[in-house]
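Engineer: Contents of data_8.cif (mmCIF, C-alpha atoms) are below:
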```
data_coords
loop_
_atom_site.label_atom_id
_atom_site.label_comp_id
_atom_site.auth_asym_id
_atom_site.auth_seq_id
_atom_site.Cartn_x
_atom_site.Cartn_y
_atom_site.Cartn_z
CA MET A 125 26.50 54.94 36.99
CA ILE A 126 27.34 54.30 33.33
CA PRO A 127 29.51 51.16 33.01
CA PHE A 128 32.74 51.19 31.04
CA GLU A 129 32.34 50.60 27.33
CA ALA A 130 34.84 50.29 24.48
CA LYS A 131 33.37 50.53 20.99
CA LEU A 132 35.60 49.56 18.09
CA LYS A 133 35.14 50.40 14.43
CA SER A 134 37.73 49.67 11.78
CA THR A 135 38.16 51.43 8.45
CA PRO A 136 40.73 50.61 5.75
CA VAL A 137 43.14 53.19 7.21
CA GLU A 138 42.58 53.02 10.95
CA HIS A 139 40.90 51.47 13.97
CA ILE A 140 38.57 53.87 15.76
CA LEU A 141 38.11 53.16 19.46
CA THR A 142 35.59 55.06 21.57
CA LEU A 143 35.81 54.68 25.34
CA SER A 144 33.10 55.73 27.78
CA GLY A 145 32.32 55.41 31.48
CA PRO A 146 34.94 54.82 34.18
CA LEU A 147 38.31 53.46 33.10
CA ASP A 148 38.67 51.22 36.15
CA GLU A 149 39.22 47.56 37.04
CA SER A 150 36.15 46.60 35.00
CA ALA A 151 37.62 48.02 31.77
CA GLU A 152 38.69 45.73 28.98
CA LEU A 153 40.48 47.24 26.03
CA PRO A 154 40.21 45.39 22.73
CA LYS A 155 42.93 43.20 21.30
CA LEU A 156 43.65 44.46 17.80
CA LYS A 157 45.17 42.33 15.08
CA GLU A 158 45.70 44.34 11.91
CA LYS A 159 48.54 46.83 12.39
CA LYS A 160 47.37 50.31 11.40
CA ASN A 161 46.75 53.63 13.10
CA ILE A 162 44.51 53.61 16.17
CA ARG A 163 42.35 56.66 16.82
CA VAL A 164 41.05 56.75 20.41
CA HIS A 165 38.13 58.98 21.45
CA LEU A 166 38.26 59.56 25.22
CA GLY A 167 35.76 62.39 25.69
CA ARG A 168 33.14 60.23 27.38
CA LEU A 169 35.40 58.74 30.04
CA THR A 170 34.08 59.74 33.46
CA HIS A 171 37.19 59.03 35.50
CA VAL A 172 40.40 57.03 35.50
CA SER A 173 41.28 54.91 38.51
CA SER A 174 44.70 53.48 39.40
CA HIS A 175 43.54 50.10 38.05
CA GLY A 176 42.44 51.87 34.87
CA ILE A 177 45.88 53.46 34.58
CA LYS A 178 47.45 50.02 34.74
CA ILE A 179 45.10 48.66 32.06
CA TRP A 180 45.82 51.66 29.83
CA CYS A 181 49.61 51.46 30.24
CA LYS A 182 49.61 47.72 29.50
CA TRP A 183 47.45 48.24 26.43
CA LEU A 184 49.77 50.98 25.18
CA LEU A 185 52.79 48.71 25.70
CA GLU A 186 51.14 46.03 23.58
CA HIS A 187 50.80 48.58 20.77
CA ASP A 188 53.99 50.58 21.08
CA GLN A 189 55.31 49.23 17.78
CA TRP A 190 52.17 50.17 15.89
CA PRO A 191 52.24 53.07 13.40
CA ALA A 192 50.43 55.71 15.48
CA ILE A 193 47.96 56.05 18.33
CA LEU A 194 45.98 59.27 18.03
CA LEU A 195 44.24 60.51 21.17
CA GLU A 196 41.23 62.79 20.89
CA GLU A 197 39.17 64.65 23.52
CA CYS A 198 41.38 63.56 26.42
CA PRO A 199 39.61 64.47 29.68
CA HIS A 200 41.38 66.50 32.34
CA LEU A 201 42.08 63.58 34.70
CA PHE A 202 43.58 61.67 31.80
CA VAL A 203 45.83 64.58 30.76
CA ARG A 204 47.17 65.00 34.29
CA ASN A 205 48.76 61.57 34.03
CA PHE A 206 50.70 62.49 30.88
CA SER A 207 53.33 64.39 32.81
CA SER A 208 53.31 62.45 36.08
CA LEU A 209 53.24 58.79 35.06
CA LYS A 210 55.89 56.92 33.14
CA GLY A 211 54.34 54.80 30.41
CA PHE A 212 51.08 56.69 30.21
CA LEU A 213 52.18 57.97 26.80
CA THR A 214 54.42 56.01 24.45
CA PRO A 215 56.54 57.52 21.64
CA ASN A 216 53.99 56.53 18.97
CA VAL A 217 51.15 58.41 20.73
CA SER A 218 50.01 61.82 19.47
CA VAL A 219 47.54 63.96 21.35
CA LEU A 220 45.21 65.63 18.85
CA SER A 221 42.85 67.26 21.32
CA PHE A 222 42.34 67.49 25.05
CA TYR A 223 40.12 69.26 27.56
CA VAL A 224 41.24 72.10 29.79
CA PRO A 225 39.02 72.93 32.78
CA PHE A 226 38.16 76.59 33.37
CA TYR A 227 36.72 77.97 36.58
CA SER A 228 35.06 81.16 37.74
CA GLU A 229 35.49 81.90 41.41
CA ALA A 230 32.78 84.56 41.19
CA THR A 231 30.05 82.21 40.03
CA ASP A 232 31.54 78.80 40.90
CA GLU A 233 31.00 77.78 37.29
CA ALA A 234 33.23 75.20 35.67
CA LYS A 235 33.65 74.59 31.95
CA ASP A 236 35.76 72.07 30.09
CA VAL A 237 37.17 73.62 26.92
CA LEU A 238 38.48 71.45 24.09
CA PHE A 239 41.97 72.41 22.92
CA LEU A 240 42.64 71.31 19.36
CA ARG A 241 46.06 70.84 17.77
CA GLU A 242 46.94 73.71 15.42
CA ARG A 243 44.15 75.80 16.94
CA GLU A 244 44.76 76.11 20.72
CA PHE A 245 48.10 74.32 20.83
CA LYS A 246 50.92 73.47 18.47
CA LYS A 247 53.38 70.65 18.24
CA ASP A 248 56.15 72.96 19.47
CA GLY A 249 54.26 73.41 22.75
CA SER A 250 52.97 76.92 22.13
CA LEU A 251 49.45 77.76 23.30
CA ASN A 252 46.70 79.98 22.05
CA ILE A 253 44.48 80.21 25.12
CA PRO A 254 40.87 81.09 24.32
CA LYS A 255 38.85 83.62 26.30
CA VAL A 256 36.20 81.77 28.25
CA MET A 257 33.41 83.71 29.96
CA ASP A 258 31.14 82.76 32.83
CA SER A 259 27.39 83.46 32.85
CA ARG A 260 28.05 87.02 34.10
CA GLY A 261 30.36 87.73 31.18
CA GLN A 262 33.48 87.66 33.32
CA ALA A 263 36.64 85.91 32.19
CA MET A 264 37.16 82.43 33.62
CA GLU A 265 40.60 81.15 34.59
CA MET A 266 42.27 77.94 33.54
CA ASP A 267 41.79 75.59 36.49
CA VAL A 268 45.10 73.76 36.18
CA ILE A 269 48.69 74.22 37.25
CA GLU A 270 49.81 75.35 33.81
CA ALA A 271 53.51 74.48 33.99
CA LYS A 272 52.63 70.91 34.88
CA TYR A 273 49.45 70.36 32.90
CA PHE A 274 50.86 71.43 29.55
CA SER A 275 54.35 70.04 30.06
CA PHE A 276 53.63 66.99 27.87
CA LEU A 277 53.41 69.35 24.88
CA LYS A 278 57.07 70.35 25.14
CA PRO A 279 59.04 68.74 22.33
CA MET B 232 60.10 75.96 71.34
CA LYS B 233 57.16 78.26 70.82
CA THR B 234 53.59 77.11 71.20
CA VAL B 235 50.53 77.55 69.02
CA LEU B 236 49.30 80.13 71.50
CA ASP B 237 52.57 82.12 71.20
CA LEU B 238 52.55 82.20 67.44
CA TYR B 239 49.00 81.92 66.19
CA SER B 240 46.57 83.22 68.81
CA HIS B 241 45.82 86.15 66.48
CA LEU B 242 44.16 83.76 64.02
CA PHE B 243 41.38 82.81 66.39
CA THR B 244 38.31 84.58 67.71
CA SER B 245 38.05 85.32 71.40
CA THR B 246 35.38 82.60 71.72
CA GLN B 247 37.68 80.05 70.11
CA LEU B 248 40.61 81.17 72.22
CA LYS B 249 38.53 80.78 75.34
CA ALA B 250 37.46 77.29 74.29
CA PHE B 251 40.84 76.03 73.11
CA GLN B 252 43.48 78.05 74.99
CA SER B 253 44.65 75.08 77.04
CA PHE B 254 45.15 73.06 73.84
CA PHE B 255 47.11 75.87 72.17
CA GLN B 256 49.39 76.18 75.20
CA GLN B 257 50.33 72.51 75.12
CA VAL B 258 51.09 72.20 71.41
CA GLN B 259 54.47 73.29 70.08
CA VAL B 260 55.26 74.55 66.63
CA LEU B 261 58.20 73.52 64.46
CA LYS B 262 58.56 75.80 61.47
CA ILE B 263 60.45 74.47 58.46
CA PRO B 264 62.97 75.73 57.38
CA GLU B 265 63.17 78.40 60.12
CA ASP B 266 63.42 75.99 63.09
CA LEU B 267 65.52 73.26 61.51
CA GLN B 268 68.03 73.48 64.35
CA LEU B 269 65.22 72.50 66.77
CA LEU B 270 64.30 69.36 64.85
CA GLN B 271 66.10 66.97 67.21
CA GLN B 272 64.50 68.33 70.35
CA ALA B 273 60.94 68.56 69.02
CA GLU B 274 58.57 66.05 70.58
CA PRO B 275 56.36 64.55 67.82
CA ARG B 276 53.52 63.75 70.23
CA THR B 277 52.96 67.43 71.01
CA THR B 278 54.29 69.22 67.92
CA VAL B 279 52.72 70.52 64.74
CA VAL B 280 55.10 70.99 61.79
CA ILE B 281 54.53 74.07 59.65
CA ILE B 282 56.27 73.76 56.28
CA GLU B 283 56.74 76.99 54.38
CA LYS B 284 57.20 75.51 50.91
CA MET B 285 55.21 72.36 51.32
CA SER B 286 55.61 69.35 49.08
CA PRO B 287 54.27 65.86 49.73
CA TYR B 288 57.87 64.61 49.74
CA LEU B 289 58.91 67.02 52.49
CA ALA B 290 55.85 66.11 54.54
CA MET B 291 56.62 62.39 54.19
CA LYS B 292 60.20 63.03 55.35
CA MET B 293 58.96 64.89 58.45
CA MET B 294 56.44 62.17 59.17
CA GLU B 295 59.20 59.57 58.91
CA ARG B 296 60.67 61.36 61.94
CA GLY B 297 57.49 60.62 63.86
CA PHE B 298 55.51 63.84 63.38
CA ALA B 299 51.82 63.42 62.70
CA HIS B 300 50.68 66.84 61.49
CA CYS B 301 52.35 68.81 58.67
CA LEU B 302 50.59 71.99 57.57
CA SER B 303 50.93 74.58 54.82
CA PRO B 304 50.77 78.04 56.41
CA GLU B 305 49.75 80.01 53.33
CA ARG B 306 46.48 78.18 52.81
CA GLU B 307 43.34 80.03 53.86
CA ASP B 308 42.15 77.01 55.83
CA PHE B 309 45.39 76.96 57.85
CA ARG B 310 43.65 78.19 61.01
CA GLN B 311 41.13 75.38 60.72
CA GLU B 312 43.76 72.72 60.19
CA LEU B 313 45.89 74.05 63.03
CA LEU B 314 42.94 73.78 65.39
CA ALA B 315 42.17 70.28 64.11
CA SER B 316 45.83 69.27 64.60
CA CYS B 317 45.81 70.48 68.22
CA LEU B 318 42.61 68.57 68.93
CA LEU B 319 43.96 65.44 67.26
CA LEU B 320 47.17 65.58 69.27
CA LEU B 321 45.49 66.12 72.60
CA LYS B 322 41.97 64.75 72.26
CA PRO B 323 41.98 62.20 69.42
CA ARG B 324 38.77 60.54 70.61
CA LEU B 325 36.89 63.45 69.02
CA LEU B 326 37.99 62.29 65.60
CA LEU B 327 37.29 58.67 66.34
CA ALA B 328 33.81 59.44 67.61
CA SER B 329 32.83 61.50 64.59
CA PRO B 330 35.36 61.79 61.76
CA SER B 331 33.04 63.29 59.18
CA PRO B 332 33.00 66.96 60.15
CA PHE B 333 36.50 67.13 61.51
CA PHE B 334 38.26 69.10 58.82
CA LEU B 335 35.39 71.08 57.41
CA SER B 336 35.88 74.81 57.55
CA SER B 337 32.82 75.14 59.75
CA LEU B 338 34.53 73.14 62.49
CA ALA B 339 32.55 73.76 65.62
CA SER B 340 33.59 76.53 67.95
CA SER B 341 33.61 74.21 70.91
CA SER B 342 34.94 70.71 71.05
CA GLU B 343 31.64 69.34 72.41
CA ASP B 344 29.82 70.43 69.26
CA LEU B 345 31.94 68.11 67.15
CA GLU B 346 30.14 65.12 68.53
CA LYS B 347 26.76 66.51 67.51
CA PHE B 348 27.58 67.24 63.88
CA PRO B 349 25.98 64.53 61.75
CA PRO B 350 27.64 63.17 58.60
CA LEU B 351 25.53 64.06 55.62
CA LEU B 352 26.11 60.92 53.59
CA THR B 353 27.10 57.55 54.95
CA PHE B 354 27.28 54.37 52.95
CA PRO B 355 28.10 50.98 54.47
CA VAL B 356 29.89 48.46 52.24
CA ARG B 357 30.39 44.74 52.69
CA TRP B 358 31.10 43.58 49.17
CA SER B 359 33.44 44.78 46.44
CA ARG B 360 30.52 44.51 44.02
CA GLU B 361 28.86 47.41 45.86
CA LYS B 362 31.17 49.97 44.24
CA PRO B 363 28.71 51.08 41.52
CA ALA B 364 25.98 51.55 44.15
CA PHE B 365 28.35 53.56 46.34
CA LEU B 366 29.47 55.79 43.47
CA GLU B 367 25.87 56.27 42.41
CA ALA B 368 24.82 57.28 45.94
CA LEU B 369 27.73 59.69 46.06
CA GLY B 370 26.77 61.11 42.65
CA LYS B 371 23.20 61.70 43.84
CA TYR B 372 24.44 63.35 47.00
CA LEU B 373 26.70 65.66 44.98
CA GLN B 374 23.82 66.60 42.69
CA GLN B 375 22.09 68.09 45.73
CA GLN B 376 25.10 70.29 46.49
CA LYS B 377 25.47 73.65 44.84
CA LYS B 378 29.21 74.13 44.84
CA THR B 379 30.79 70.79 44.08
CA GLN B 380 30.38 70.71 40.28
CA ALA B 381 33.88 72.00 39.50
CA ILE B 382 35.61 69.29 41.54
CA GLU B 383 33.37 66.31 40.81
CA PRO B 384 35.95 64.47 38.68
CA LEU B 385 38.38 64.67 41.61
CA ILE B 386 35.75 63.44 44.07
CA HIS B 387 34.90 60.42 41.92
CA GLN B 388 38.52 59.49 41.46
CA ILE B 389 39.22 59.72 45.18
CA ALA B 390 36.07 57.73 45.98
CA ASP B 391 37.14 54.99 43.59
CA GLU B 392 40.62 54.77 45.13
CA LEU B 393 39.32 54.84 48.72
CA PHE B 394 36.92 52.04 47.84
CA ALA B 395 39.61 49.92 46.18
CA ASN B 396 42.06 50.44 49.05
CA ALA B 397 39.49 49.71 51.75
CA ILE B 398 38.28 46.55 50.04
CA ALA B 399 41.87 45.39 49.45
CA ALA B 400 42.67 45.95 53.12
CA ALA B 401 39.55 44.07 54.17
CA GLU B 402 40.34 41.15 51.89
CA LYS B 403 43.89 41.05 53.18
CA SER B 404 42.66 41.11 56.74
CA THR B 405 39.83 38.59 56.40
CA LYS B 406 41.62 36.44 53.80
CA GLN B 407 38.41 36.07 51.85
CA GLU B 408 36.64 37.81 49.01
CA SER B 409 33.87 39.38 51.03
CA ILE B 410 33.69 40.98 54.42
CA ALA B 411 30.01 40.12 54.70
CA THR B 412 30.46 37.82 57.64
CA THR B 413 33.20 39.60 59.50
CA GLY B 414 31.32 42.11 61.58
CA ALA B 415 31.24 45.82 60.94
CA PRO B 416 31.08 46.97 57.32
CA ILE B 417 33.38 49.57 55.81
CA ARG B 418 31.67 52.93 56.26
CA PHE B 419 32.09 55.65 53.64
CA PHE B 420 31.13 59.19 54.53
CA CYS B 421 30.89 62.54 52.82
CA ALA B 422 30.04 65.98 54.16
CA VAL B 423 30.00 69.42 52.56
CA ASP B 424 30.01 72.92 53.96
CA GLU B 425 30.45 76.36 52.41
CA LYS B 426 34.11 75.98 51.52
CA SER B 427 35.06 72.34 51.53
CA LEU B 428 34.02 68.76 51.07
CA MET B 429 35.18 65.86 53.17
CA LEU B 430 35.18 62.34 51.84
CA GLY B 431 36.46 59.35 53.71
CA CYS B 432 36.04 55.82 54.91
CA GLU B 433 36.36 53.94 58.15
CA ASP B 434 36.89 50.24 58.75
CA SER B 435 37.60 47.93 61.63
CA PHE B 436 40.60 46.13 60.13
CA GLY B 437 43.49 48.47 60.93
CA THR B 438 45.93 47.07 58.39
CA LEU B 439 48.09 50.13 57.65
CA ASP B 440 51.72 50.16 58.69
CA ARG B 441 53.32 53.56 59.20
CA LYS B 442 56.85 52.66 58.17
CA SER B 443 56.00 50.88 54.93
CA LEU B 444 53.35 53.45 54.00
CA LEU B 445 55.79 56.34 54.39
CA ALA B 446 58.59 54.49 52.60
CA HIS B 447 56.24 53.86 49.67
CA LEU B 448 55.01 57.47 49.50
CA SER B 449 58.51 58.92 49.92
CA ARG B 450 59.68 56.85 46.98
CA ILE B 451 56.74 57.92 44.83
CA TYR B 452 57.15 61.61 45.62
CA SER B 453 60.95 61.63 45.36
CA SER B 454 60.71 62.38 41.64
CA GLU B 455 58.36 64.23 39.31
CA THR B 456 57.24 61.08 37.55
CA THR B 457 56.46 57.62 38.79
CA ALA B 458 55.87 54.30 37.06
CA PRO B 459 52.81 52.20 37.89
CA ASN B 460 53.36 48.57 38.77
CA LEU B 461 52.19 46.68 35.69
CA ASP B 462 52.66 43.24 37.21
CA GLU B 463 50.12 41.35 39.28
CA GLY B 464 48.84 43.08 42.41
CA ALA B 465 48.25 46.69 43.30
CA THR B 466 49.42 49.52 41.05
CA GLY B 467 50.99 51.40 43.95
CA LEU B 468 49.26 54.56 42.80
CA GLY B 469 46.02 54.54 44.80
CA LEU B 470 47.09 56.72 47.70
CA LYS B 471 49.08 59.00 45.40
CA LEU B 472 45.91 59.75 43.41
CA VAL B 473 44.05 60.41 46.65
CA ILE B 474 46.75 62.82 47.83
CA ASP B 475 47.20 64.55 44.46
CA ASN B 476 43.47 65.29 44.21
CA SER B 477 42.94 66.48 47.79
CA ALA B 478 43.83 69.62 49.69
CA SER B 479 44.26 67.68 52.94
CA VAL B 480 44.65 64.03 53.78
CA SER B 481 44.15 62.44 57.20
CA VAL B 482 44.99 58.85 58.01
CA TYR B 483 44.35 57.19 61.36
CA CYS B 484 45.09 53.55 62.09
CA LYS B 485 44.98 51.43 65.21
CA LYS B 486 46.28 47.99 64.36
CA GLU B 487 43.56 45.40 63.79
CA THR B 488 41.01 47.77 65.31
CA GLN B 489 40.24 50.82 63.18
CA THR B 490 41.34 52.71 60.07
CA ILE B 491 40.07 56.13 59.01
CA VAL B 492 41.17 57.74 55.77
CA ALA B 493 39.64 61.14 55.07
CA CYS B 494 40.31 63.78 52.44
CA THR B 495 39.28 67.39 52.34
CA LEU B 496 38.75 69.10 49.01
CA LEU B 497 38.35 72.83 48.62
CA LEU B 498 35.32 73.89 46.60
CA LYS B 499 37.32 76.54 44.70
CA GLY B 500 38.02 74.45 41.62
CA ILE B 501 40.53 71.81 40.64
CA ARG B 502 43.74 73.84 40.86
CA ALA B 503 43.20 74.72 44.53
CA ASN B 504 43.28 71.00 45.33
CA ALA B 505 46.03 70.02 42.91
CA LYS B 506 48.60 72.41 44.40
CA PRO B 507 51.42 70.80 46.39
CA ASN B 508 50.76 72.97 49.46
CA LYS B 509 48.58 70.41 51.17
CA HIS B 510 47.97 69.52 54.81
CA PHE B 511 48.81 66.04 56.12
CA HIS B 512 47.72 64.20 59.25
CA LEU B 513 49.14 60.75 59.79
CA MET B 514 48.10 59.13 63.03
CA ILE B 515 49.44 55.58 62.90
#
```
As a first step, turn the structure in this file into structure tokens.

Structural biologist:
Amino acid sequence: MIPFEAKLKSTPVEHILTLSGPLDESAELPKLKEKKNIRVHLGRLTHVSSHGIKIWCKWLLEHDQWPAILLEECPHLFVRNFSSLKGFLTPNVSVLSFYVPFYSEATDEAKDVLFLREREFKKDGSLNIPKVMDSRGQAMEMDVIEAKYFSFLKP
Amino acid sequence: MKTVLDLYSHLFTSTQLKAFQSFFQQVQVLKIPEDLQLLQQAEPRTTVVIIEKMSPYLAMKMMERGFAHCLSPEREDFRQELLASCLLLLKPRLLLASPSPFFLSSLASSSEDLEKFPPLLTFPVRWSREKPAFLEALGKYLQQQKKTQAIEPLIHQIADELFANAIAAAEKSTKQESIATTGAPIRFFCAVDEKSLMLGCEDSFGTLDRKSLLAHLSRIYSSETTAPNLDEGATGLGLKLVIDNSASVSVYCKKETQTIVACTLLLKGIRANAKPNKHFHLMI
């Protein structure tokens, strides 16, 4: 099992934080000093436990007065918390991209498709759902409860 | 009140009916909302509740009235869960003897067979530091399965929460950081068949309390959103994550003797498990 890792790189305009492994009780998120935008890459997180949720919410609270927190490649289990947990997103957080799972009942295949802002979704909440095919060339379905999963996009 | 035999005998094969007829005759059915007027007279010890538009909140409210089994009728595994509920009401020792295969869709056609069905993965735990090893063993087991890929993120999240809850219960019970010297280890188990996966754990601490558990879950499910506890101690979200990611959840507890928590996940992708029309079994 890959352990949790948080890699931090800072540029003149932003901090870039890349998280990988399980966001669980072992996770430590960095304390940042210089107030500027924080870009967080989440695509390599394997899962998020309830302890991880607590760590994330506390970290967000510590940075809720910062200019902007930009989330990229949010995994499915992370996105599900957006609409069901208070404090999982703060007003200064913007979601720039997130994964949507697709599933084919015919072949049992699963694919995670990256939705990008201004390409598959817009700030006003509208969606442009891509056609995703399984290995037999048949259309796969989004494997989420749409009304709930995308509700965080509503302005 | 009508019995399972009156209402649902058509769901079962003649072999199953022959094997389980006496169970089906003894178990009554309370349909919600249709039978609401019968709520007061229903006997929880011999009644299965069938909730037409299931939500975890509604199930918790029924279980607060003492019922143990709340099922969603529209699910394709309803027949299976109904049979399991009847067995659990009338012959609970079957579950206690061998919890692993209990809610799999291939549930044996005779009750004797249940005792022969071996769990496919078992993992004993004595220390909290064994979590990575447990998750790794589970990951390897899942790699050998053909149909679990789509739901693996759900399985790992549930496994993590079951582990954390079981260890917390053990620490509370033994008042120490390890359970290494306190007798039986916590036993995690996982089994897969054609349509479903069962993941659970069993311990000998029996720390769950029905009233406080239901009060906690009712509060969590009373609104669309919930706030995690950010202070010291548990987040209060562990069991919610287990329920939200599973198609069925079963909890058994005998005080200071035994706890079994087991979840069934359907292999038909994430959405099938995330829907609110779940099955619940709460035997505390």

Engineer: Measuring atom to atom with only C-alpha atoms, identify which of A:Gly167, A:Pro136, A:Pro199, A:Pro154 is nearest to chain B.

Structural biologist: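 Using only C-alpha atoms, chain B sits closest to A:Pro199.
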
Engineer: Have a look at atom CA of A:Leu132 and atom CA of A:Asp148 and let me know their distance in Å, one decimal.

Structural biologist: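 So the answer is 18.4 Å.
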
Engineer: Set the cut-off to 6 Å and count all atoms listed in the file: what are the residues of chain B that reach chain A? Output as number ranges by chain.

Structural biologist: B: 367, 381, 456-458, 461, 468-469, 501-502

Engineer: Work out how far atom CA of B:Phe420 is from atom CA of B:Met514, in Å to one decimal.

Structural biologist: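 That distance, rounded to one decimal, is 19.0 Å.
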
Engineer: I need the output of the PyMOL selection byres ((chain A and resi 187) around 10) for this file as a CSV table (one decimal) with C-alpha atoms, in the frame of the given file; which residues are they?

Structural biologist:
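Output file part_3.csv is given in full below:
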```csv
chain,number,residue,atom,x,y,z
A,155,LYS,CA,42.9,43.2,21.3
A,156,LEU,CA,43.6,44.5,17.8
A,159,LYS,CA,48.5,46.8,12.4
A,162,ILE,CA,44.5,53.6,16.2
A,181,CYS,CA,49.6,51.5,30.2
A,182,LYS,CA,49.6,47.7,29.5
A,183,TRP,CA,47.4,48.2,26.4
A,184,LEU,CA,49.8,51.0,25.2
A,185,LEU,CA,52.8,48.7,25.7
A,186,GLU,CA,51.1,46.0,23.6
A,188,ASP,CA,54.0,50.6,21.1
A,189,GLN,CA,55.3,49.2,17.8
A,190,TRP,CA,52.2,50.2,15.9
A,191,PRO,CA,52.2,53.1,13.4
A,192,ALA,CA,50.4,55.7,15.5
A,193,ILE,CA,48.0,56.0,18.3
A,214,THR,CA,54.4,56.0,24.4
A,216,ASN,CA,54.0,56.5,19.0
A,217,VAL,CA,51.2,58.4,20.7
```

Engineer: Just to confirm, what's the straight-line distance from atom CA of B:Tyr288 to atom CA of B:Leu472 in Å (one decimal)?

Structural biologist: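 So the answer is 14.4 Å.
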
Engineer: Translate the PyMOL selection byres ((chain B and resi 280) around 9), as applied to the file shown, into an explicit residue set as a ChimeraX atom specification.

Structural biologist: /B:259-263,275,278-279,281-282,290,293,298-303

Engineer: Hey, which of B:Asn508, B:Ser253, B:Ser477, B:Thr466 ends up closest to B:Leu430? Count all atoms listed in the file.

Structural biologist: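 Going through B:Asn508, B:Ser253, B:Ser477, B:Thr466 one by one, the smallest distance to B:Leu430 is for B:Ser477.
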
Engineer: With only C-alpha atoms as the counted atoms, please give the residues lying no more than 10 Å from B:Phe251, apart from itself and same-chain residues fewer than 3 positions off, as a PyMOL selection string.

Structural biologist: chain B and resi 236+243+245-248+254-256+314+317-318+340-342

Engineer: Write a file of the selected residues as a tab-separated table (two decimals), in the coordinates of the input, keeping C-alpha atoms.

Structural biologist:
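Everything below was put into result19.tsv:
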```
chain	number	residue	atom	x	y	z
B	236	LEU	CA	49.30	80.13	71.50
B	243	PHE	CA	41.38	82.81	66.39
B	245	SER	CA	38.05	85.32	71.40
B	246	THR	CA	35.38	82.60	71.72
B	247	GLN	CA	37.68	80.05	70.11
B	248	LEU	CA	40.61	81.17	72.22
B	254	PHE	CA	45.15	73.06	73.84
B	255	PHE	CA	47.11	75.87	72.17
B	256	GLN	CA	49.39	76.18	75.20
B	314	LEU	CA	42.94	73.78	65.39
B	317	CYS	CA	45.81	70.48	68.22
B	318	LEU	CA	42.61	68.57	68.93
B	340	SER	CA	33.59	76.53	67.95
B	341	SER	CA	33.61	74.21	70.91
B	342	SER	CA	34.94	70.71	71.05
```

Engineer: For A:Lys255, work out the shell of residues within 9 Å, counting all atoms listed in the file and skipping chain neighbours fewer than 5 positions away, then give it as a ChimeraX atom specification.

Structural biologist: /A:263-265

Engineer: Near A:Glu244, counting all atoms listed in the file, which residues have an atom at most 12 Å away, once you skip same-chain residues fewer than 6 positions from it, shown as a list in words?

Structural biologist: Leu220, Ser221, Phe222, Tyr223, Val224, Val237, Leu238, Ser250, Leu251, Asn252, Ile253, Pro254, Lys255, Phe274 and Leu277 of chain A

Engineer: Find the residues near B:Asn504: any atom within 7 Å, counting only C-alpha atoms, skip ones fewer than 5 places away on the same chain, and give them as a VMD selection string.

Structural biologist: chain B and resid 476 to 478 496 to 497

Engineer: Taking 4 positions as the minimum chain separation for residues in the same chain, which residues sit within 10 Å of B:Val473 when counting all atoms listed in the file? Answer as a PyMOL selection string.

Structural biologist: chain B and resi 385-386+388-393+468-469+477-480+492-494

Engineer: Here is a test: counting only C-alpha atoms, which residue of B:Pro304, B:Lys377, B:Gly297, B:Ile417 is nearest to B:Ser359?

Structural biologist: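 Smallest distance to B:Ser359 is found for B:Ile417.
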
Engineer: Please enumerate the residues selected by the PyMOL selection byres ((chain B and resi 378) around 10) when evaluated against the supplied file, formatted as a list in words.

Structural biologist: Thr231, Asp232 and Glu233 of chain A; Leu373, Gln374, Gln375, Gln376, Lys377, Thr379, Gln380, Ala381, Ile382, Glu383, Val423, Asp424, Glu425, Lys426, Ser427, Leu428, Leu497, Leu498, Lys499 and Gly500 of chain B
